[in-house]
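*Asks:* Just one file: protein.txt, with compact mmCIF, C-alpha atoms.
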```txt
# COMPACT_ATOMS: atom_id res chain seq x y z
CA ALA A 1 50.24 95.73 107.40
CA SER A 2 51.05 97.54 110.62
CA SER A 3 49.21 100.66 109.49
CA THR A 4 46.17 98.54 108.51
CA ALA A 5 46.25 96.84 111.88
CA ALA A 6 46.52 100.20 113.60
CA LYS A 7 43.56 101.54 111.61
CA SER A 8 41.50 98.47 112.47
CA MET A 9 42.31 98.91 116.13
CA SER A 10 41.43 102.59 115.85
CA ASP A 11 38.08 101.81 114.16
CA LYS A 12 37.13 99.35 116.88
CA SER A 13 38.01 101.68 119.74
CA SER A 14 36.82 104.95 118.29
CA GLY A 15 34.08 105.25 120.91
CA ILE A 16 34.58 105.42 124.68
CA LEU A 17 33.47 102.18 126.27
CA PRO A 18 31.16 102.59 129.29
CA PRO A 19 32.67 101.60 132.62
CA ARG A 20 32.06 98.01 133.65
CA PRO A 21 29.69 97.87 136.68
CA PRO A 22 31.32 96.60 139.87
CA PRO A 23 30.34 93.16 141.12
CA LYS A 24 27.68 93.04 143.81
CA ASP A 25 30.14 91.95 146.48
CA ALA A 26 32.82 94.47 145.51
CA ARG A 27 34.74 96.04 148.37
CA THR A 28 36.56 99.32 148.60
CA MET A 29 40.34 99.49 148.41
CA ASN A 30 40.52 99.76 152.15
CA ASP A 31 38.56 96.54 152.39
CA GLN A 32 41.00 94.59 150.15
CA PRO A 33 43.21 92.08 151.94
CA ARG A 34 46.85 93.15 152.29
CA LEU A 35 49.43 91.26 150.23
CA THR A 36 51.67 89.09 152.35
CA ASP A 37 55.42 89.69 152.48
CA ARG A 38 55.88 86.30 150.83
CA HIS A 39 53.73 87.36 147.89
CA GLU A 40 55.67 90.64 147.55
CA ARG A 41 59.01 88.81 147.42
CA ARG A 42 57.65 86.47 144.74
CA THR A 43 56.47 89.45 142.65
CA GLU A 44 59.84 91.22 142.94
CA SER A 45 61.74 88.09 141.90
CA ALA A 46 59.61 87.86 138.76
CA ALA A 47 60.88 91.28 137.51
CA PRO A 48 63.06 91.03 134.36
CA ARG A 49 66.79 90.95 134.99
CA ALA A 50 69.13 93.49 133.41
CA ALA A 51 71.12 92.23 130.41
CA ASN A 52 74.60 90.96 131.22
CA PRO A 53 77.07 93.38 129.54
CA LEU A 54 79.74 90.68 129.26
CA ARG A 55 77.30 88.33 127.55
CA GLN A 56 76.40 91.12 125.12
CA LEU A 57 80.09 91.64 124.32
CA ARG A 58 80.52 87.93 123.58
CA SER A 59 77.49 87.91 121.28
CA ARG A 60 78.48 91.08 119.39
CA LEU A 61 79.67 90.42 115.86
CA GLY A 62 83.34 91.41 115.77
CA LEU A 63 86.30 90.93 113.48
CA PRO A 64 86.60 87.44 111.96
CA ASP A 65 88.17 84.75 114.10
CA PRO A 66 90.56 83.57 112.88
CA LEU A 67 91.66 86.74 111.13
CA PRO A 68 91.89 86.66 107.32
CA VAL A 69 95.37 86.34 105.82
CA GLY A 70 95.21 89.88 104.44
CA PRO A 71 93.04 92.90 105.32
CA MET A 72 92.22 94.29 101.88
CA ASP A 73 89.00 92.35 101.18
CA LEU A 74 87.60 93.36 104.56
CA LEU A 75 88.71 96.99 104.16
CA ASP A 76 87.14 97.09 100.70
CA ALA A 77 83.88 95.65 102.07
CA TRP A 78 83.80 98.24 104.86
CA LEU A 79 84.36 101.12 102.43
CA ARG A 80 81.71 99.82 100.02
CA GLU A 81 79.18 99.44 102.82
CA ALA A 82 79.90 102.97 104.06
CA LEU A 83 79.31 104.27 100.53
CA ASN A 84 76.13 102.23 100.04
CA VAL A 85 74.49 103.26 103.31
CA LYS A 86 75.89 106.81 103.12
CA ALA A 87 77.46 106.47 106.57
CA ALA A 88 78.67 110.10 106.28
CA PRO A 89 78.31 112.98 103.79
CA ASP A 90 81.61 111.82 102.24
CA PRO A 91 82.07 108.15 103.23
CA ASN A 92 85.38 108.02 101.33
CA ALA A 93 86.82 110.93 103.33
CA MET A 94 89.98 110.17 105.29
CA VAL A 95 92.36 112.10 107.48
CA LEU A 96 95.78 112.19 105.83
CA ALA A 97 98.78 112.81 108.08
CA THR A 98 102.18 113.88 106.74
CA ALA A 99 105.30 115.22 108.40
CA THR A 100 108.39 117.27 107.66
CA PRO A 101 111.79 115.53 107.71
CA ASP A 102 112.35 116.81 111.26
CA GLY A 103 109.07 115.27 112.45
CA ARG A 104 106.63 118.20 112.45
CA PRO A 105 103.24 116.61 111.61
CA SER A 106 100.23 118.05 109.84
CA ALA A 107 96.86 116.52 109.00
CA ARG A 108 93.86 117.27 106.82
CA VAL A 109 90.86 115.53 105.26
CA VAL A 110 91.12 114.30 101.67
CA LEU A 111 89.03 111.92 99.56
CA CYS A 112 90.08 108.37 98.78
CA LYS A 113 89.54 108.00 95.03
CA ALA A 114 90.74 104.41 94.66
CA LEU A 115 91.40 101.46 96.93
CA GLU A 116 93.66 99.05 95.07
CA PRO A 117 93.99 95.42 96.23
CA ASP A 118 97.27 94.25 94.68
CA PRO A 119 99.64 95.78 95.33
CA PRO A 120 97.55 97.34 98.10
CA ALA A 121 97.28 101.11 97.82
CA ILE A 122 95.10 104.17 98.36
CA VAL A 123 94.93 106.92 95.72
CA PHE A 124 94.11 110.57 96.39
CA TYR A 125 94.54 113.82 94.45
CA THR A 126 95.71 117.30 95.39
CA ASN A 127 97.66 120.38 94.36
CA HIS A 128 101.39 119.62 94.03
CA THR A 129 102.24 123.00 95.60
CA SER A 130 100.16 122.36 98.75
CA ARG A 131 101.73 121.84 102.17
CA LYS A 132 100.97 118.12 102.17
CA ALA A 133 102.49 117.70 98.73
CA MET A 134 105.66 119.58 99.69
CA GLU A 135 105.99 117.50 102.85
CA LEU A 136 105.53 114.31 100.83
CA GLU A 137 108.25 115.40 98.40
CA ARG A 138 110.71 115.73 101.30
CA ASN A 139 109.38 112.90 103.47
CA PRO A 140 107.44 110.47 101.23
CA ARG A 141 105.54 108.58 103.90
CA ALA A 142 102.02 109.10 105.24
CA ALA A 143 99.25 107.65 107.40
CA CYS A 144 95.52 107.89 106.87
CA VAL A 145 92.39 107.13 108.89
CA PHE A 146 88.81 106.42 107.81
CA HIS A 147 86.19 106.88 110.53
CA TRP A 148 82.63 105.64 110.05
CA GLY A 149 81.12 106.58 113.39
CA SER A 150 77.56 105.52 112.57
CA LEU A 151 78.87 102.02 111.77
CA GLY A 152 81.19 101.89 114.77
CA ARG A 153 84.21 101.32 112.52
CA GLN A 154 87.62 102.81 111.90
CA ALA A 155 90.37 101.85 109.47
CA ARG A 156 93.97 103.04 109.47
CA ALA A 157 96.75 102.60 106.89
CA GLU A 158 100.42 103.58 106.66
CA GLY A 159 103.07 103.44 103.96
CA PRO A 160 105.27 105.19 101.41
CA VAL A 161 103.75 107.70 98.98
CA SER A 162 104.57 108.38 95.32
CA ARG A 163 102.95 110.30 92.48
CA VAL A 164 100.63 108.44 90.13
CA ARG A 165 101.38 108.40 86.38
CA PRO A 166 100.35 111.58 84.53
CA GLU A 167 97.90 109.55 82.44
CA GLU A 168 96.06 108.50 85.59
CA SER A 169 95.84 112.08 86.78
CA ASP A 170 94.57 113.19 83.35
CA GLU A 171 91.84 110.55 83.35
CA TYR A 172 90.59 111.44 86.80
CA PHE A 173 90.80 115.20 86.14
CA ARG A 174 88.48 114.82 83.13
CA SER A 175 85.87 113.19 85.40
CA ARG A 176 85.77 116.12 87.84
CA PRO A 177 82.95 118.70 87.82
CA LEU A 178 83.59 121.69 85.58
CA LEU A 179 83.89 124.18 88.42
CA SER A 180 86.39 121.91 90.21
CA ARG A 181 88.56 121.82 87.09
CA LEU A 182 88.44 125.60 86.86
CA GLY A 183 89.27 125.82 90.55
CA ALA A 184 92.39 123.71 90.05
CA TRP A 185 93.66 126.42 87.69
CA ALA A 186 92.43 129.35 89.80
CA SER A 187 93.66 128.30 93.25
CA GLU A 188 97.26 128.47 94.41
CA GLN A 189 96.48 126.17 97.31
CA GLY A 190 97.79 127.36 100.66
CA ARG A 191 98.97 130.75 99.40
CA PRO A 192 97.74 133.97 101.08
CA LEU A 193 94.50 135.49 99.75
CA ALA A 194 93.60 139.10 100.47
CA ARG A 195 89.85 138.67 99.95
CA ARG A 196 87.36 136.07 98.74
CA THR A 197 86.50 138.13 95.67
CA ASP A 198 90.09 137.75 94.46
CA LEU A 199 89.57 134.00 94.17
CA ILE A 200 86.33 134.51 92.20
CA ARG A 201 88.21 136.85 89.88
CA ARG A 202 90.83 134.17 89.27
CA VAL A 203 88.06 131.68 88.42
CA ARG A 204 86.68 134.14 85.85
CA GLN A 205 90.17 134.52 84.39
CA ALA A 206 90.39 130.73 83.99
CA MET A 207 86.96 130.73 82.32
CA ARG A 208 88.11 133.31 79.76
CA ARG A 209 91.36 131.42 79.19
CA PHE A 210 89.54 128.21 78.21
CA GLY A 211 86.46 129.75 76.59
CA VAL A 212 84.04 128.71 79.32
CA ARG A 213 80.82 130.72 79.51
CA THR A 214 78.41 131.07 82.42
CA HIS A 215 75.83 128.81 80.76
CA HIS A 216 78.47 126.05 80.63
CA LEU A 217 78.43 125.95 84.45
CA ILE A 218 74.73 125.09 84.26
CA ALA A 219 75.08 122.68 81.33
CA PRO A 220 78.69 121.43 81.68
CA GLY A 221 78.28 118.78 78.98
CA THR A 222 78.61 121.49 76.34
CA ALA A 223 81.71 123.11 77.87
CA PRO A 224 85.10 123.11 76.09
CA ASP A 225 87.79 120.74 77.33
CA ILE A 226 89.98 121.96 80.19
CA PRO A 227 93.40 120.31 80.46
CA ARG A 228 94.88 119.27 83.77
CA PRO A 229 97.35 121.82 85.17
CA GLU A 230 100.83 120.43 85.77
CA HIS A 231 100.69 121.53 89.41
CA TRP A 232 97.76 119.19 90.15
CA GLY A 233 97.67 115.40 90.28
CA GLY A 234 97.41 112.17 92.20
CA TYR A 235 99.38 110.30 94.85
CA ARG A 236 99.46 106.62 95.71
CA LEU A 237 99.95 105.50 99.31
CA GLY A 238 101.45 102.02 99.19
CA ILE A 239 99.90 100.17 102.12
CA GLU A 240 102.36 98.48 104.49
CA ILE A 241 100.23 98.50 107.66
CA VAL A 242 96.46 98.27 108.13
CA GLU A 243 94.54 98.44 111.38
CA LEU A 244 90.82 97.66 111.51
CA TRP A 245 88.80 98.74 114.56
CA LEU A 246 85.29 97.84 115.72
CA GLY A 247 83.77 99.78 118.61
CA GLY A 248 82.70 97.85 121.71
CA GLY A 249 80.87 98.65 124.93
CA GLY A 250 82.93 99.82 127.88
CA ARG A 251 85.71 100.83 125.48
CA LEU A 252 86.38 97.11 124.94
CA HIS A 253 86.92 97.51 121.21
CA ASP A 254 87.92 94.83 118.71
CA ARG A 255 91.22 95.64 116.95
CA ALA A 256 93.58 93.87 114.59
CA ILE A 257 96.73 94.93 112.74
CA TRP A 258 98.13 93.52 109.50
CA THR A 259 101.74 94.17 108.41
CA ARG A 260 102.96 93.54 104.87
CA SER A 261 106.54 92.39 104.30
CA PRO A 262 108.71 93.70 101.42
CA ARG A 263 107.94 90.43 99.60
CA GLY A 264 104.19 91.03 99.89
CA ALA A 265 103.31 88.54 102.65
CA TRP A 266 100.86 89.63 105.33
CA SER A 267 101.12 88.89 109.05
CA SER A 268 98.33 89.73 111.48
CA THR A 269 97.65 90.01 115.19
CA ARG A 270 94.82 91.10 117.43
CA VAL A 271 95.68 93.89 119.83
CA GLN A 272 94.09 94.98 123.07
CA PRO A 273 91.87 98.05 123.04
```
Would you kindly transcribe this structure into structure tokens?
*Replies:*
Amino acid sequence: ASSTAAKSMSDKSSGILPPRPPPKDARTMNDQPRLTDRHERRTESAAPRAANPLRQLRSRLGLPDPLPVGPMDLLDAWLREALNVKAAPDPNAMVLATATPDGRPSARVVLCKALEPDPPAIVFYTNHTSRKAMELERNPRAACVFHWGSLGRQARAEGPVSRVRPEESDEYFRSRPLLSRLGAWASEQGRPLARRTDLIRRVRQAMRRFGVRTHHLIAPGTAPDIPRPEHWGGYRLGIEIVELWLGGGGRLHDRAIWTRSPRGAWSSTRVQP
């Protein structure tokens, strides 16, 4: 409708209208009477006022008030919305932080592959010989952060970590792209690599091992089955703490933290930004 209206306006104004003749008693600009100071003050007072930032903060849709008993429904809704609107190239990406027993931290980005409501948990997959996996074996606790900048949202979770059942890892591994399954066999994650071509050579070795041909990479539905390597699988972060964050003007963000007791009861509190 807007384009039609625009076209109509364009059709009507396609020619240049001739200037309107001045009235017979028209005077030059110098002849015009000067506006009075009173009139100027009235004109200035009629100018639109700037929006009140505090009023905007009050009207901004924030976290629910009162807060829900538990955070999982809201966290699930945020993640689903981020996926639906493609808030980032990988909306399910999260920063996973682990630490050695003596407190040396490390962090990296992994993909959340499941958000489980009860008991609340986050599932991700990786190589069991990687640095994060070795740190989790010695210090089985982690924290993760989702950041959806275009939505002005952030979600954080903390808790103990354990391996998922082998059957779960098998099921997810079968759903992965063919080249990713070959890569799980070819890559000794975190180990030194002399040159990039060495990694490609290891992929070709895995292809020969499982009877995969080049045309299978183009049409993976016809490829032979590739089993999951024992050194690759999933982890489950059991959620004990969740923080949800909504960005606000002037760094006056909206934040709330939920803590889950050993018996499964949630307690919540808003916190200052």
*Asks:* Record the distance separating CA of Arg108 in chain A and CA of Ala87 in chain A, expressed in Å with one decimal.
*Replies:*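 Computed distance, CA of Arg108 in chain A to CA of Ala87 in chain A, equals 19.6 Å.
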*Asks:* Name the residues in contact with Asp254 in chain A at a cut-off of 10 Å, using only C-alpha atoms, excluding same-chain residues fewer than 4 positions from it; report them as an MDAnalysis selection string.
*Replies:* chainID A and resid 61:63 153 244:248 270:273
*Asks:* Restricting the calculation to all atoms listed in the file: of A:Ala88, A:Ala143, A:Ala194, A:Leu199, which residue gets closest to Ala155 in chain A?
*Replies:*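 Using all atoms listed in the file, Ala155 in chain A sits closest to A:Ala143.
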*Asks:* Nearest to Phe146 in chain A: which of A:Pro101, A:Pro66, A:Gly250, A:Pro91 is it, counting all atoms listed in the file?
*Replies:*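 Ranked by minimum distance to Phe146 in chain A, first place goes to A:Pro91.
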*Asks:* Rank nothing, just name the residue among A:His231, A:Arg138, A:His215, A:Arg131 nearest to Trp185 in chain A, using all atoms listed in the file.
*Replies:*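 Closest to Trp185 in chain A, using all atoms listed in the file: A:His231.
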*Asks:* In Å, how far is it from CA of His216 in chain A to CA of Leu179 in chain A?
*Replies:*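 Pair CA of His216 in chain A / CA of Leu179 in chain A returns 9.7 Å.
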*Asks:* Between A:Ala121, A:Ile226, A:Leu79, A:Val145, which one has atoms that come closest to Gly211 in chain A, using only C-alpha atoms?
*Replies:*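 Looking at the shortest contact to Gly211 in chain A, the residue is A:Ile226.
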*Asks:* So, with all atoms listed in the file as the atoms that count, which of A:Arg104, A:Arg228, A:Arg195, A:Lys86 lies closest to Ser150 in chain A?
*Replies:* A:Lys86
*Asks:* Here is a test: counting only C-alpha atoms, which residue of A:Asn139, A:Asn127, A:Ser268, A:Ser175 is nearest to Lys113 in chain A?
*Replies:*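 Answer, going by the shortest atom-to-atom distance: A:Ser175.
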*Asks:* Work out how far apart CA of Glu240 in chain A and CA of Leu252 in chain A are and give it in Å to one decimal.
*Replies:* 26.0 Å
*Asks:* Env of Ser261 in chain A: 10 Å cut, atoms = only C-alpha atoms, seq-sep filter 5 positions within chain, self excluded. Answer as a VMD selection string.
*Replies:* chain A and resid 240 to 241 266 to 267
*Asks:* With all atoms listed in the file as the counted atoms, please give the residues lying no more than 10 Å from Gly159 in chain A, apart from itself and same-chain residues fewer than 6 positions off, as a list in words.
*Replies:*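 The contact residues come out as Ala121, Ile122, Pro140, Arg141, Ala142, Ala143, Cys144, Arg236, Leu237, Gly238, Ile239, Glu240, Ile241, Val242 and Arg260 of chain A.
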*Asks:* Using all atoms listed in the file, give me every residue within 9 Å of (88.9, 117.6, 82.5) in file coordinates, as a list in words.
*Replies:*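 Nearby residues: Asp170, Glu171, Tyr172, Phe173, Arg174, Ser175, Arg176, Pro177, Leu178, Arg181, Asp225, Ile226, Pro227 and Arg228 of chain A.
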*Asks:* Could you please take those selected residues and save C-alpha atoms as a PDB file, in the coordinates of the input?
*Replies:*
```
ATOM      1  CA  ASP A 170      94.570 113.190  83.350  1.00  0.00           C
ATOM      2  CA  GLU A 171      91.840 110.550  83.350  1.00  0.00           C
ATOM      3  CA  TYR A 172      90.590 111.440  86.800  1.00  0.00           C
ATOM      4  CA  PHE A 173      90.800 115.200  86.140  1.00  0.00           C
ATOM      5  CA  ARG A 174      88.480 114.820  83.130  1.00  0.00           C
ATOM      6  CA  SER A 175      85.870 113.190  85.400  1.00  0.00           C
ATOM      7  CA  ARG A 176      85.770 116.120  87.840  1.00  0.00           C
ATOM      8  CA  PRO A 177      82.950 118.700  87.820  1.00  0.00           C
ATOM      9  CA  LEU A 178      83.590 121.690  85.580  1.00  0.00           C
ATOM     10  CA  ARG A 181      88.560 121.820  87.090  1.00  0.00           C
ATOM     11  CA  ASP A 225      87.790 120.740  77.330  1.00  0.00           C
ATOM     12  CA  ILE A 226      89.980 121.960  80.190  1.00  0.00           C
ATOM     13  CA  PRO A 227      93.400 120.310  80.460  1.00  0.00           C
ATOM     14  CA  ARG A 228      94.880 119.270  83.770  1.00  0.00           C
TER      15      ARG A 228
END
```
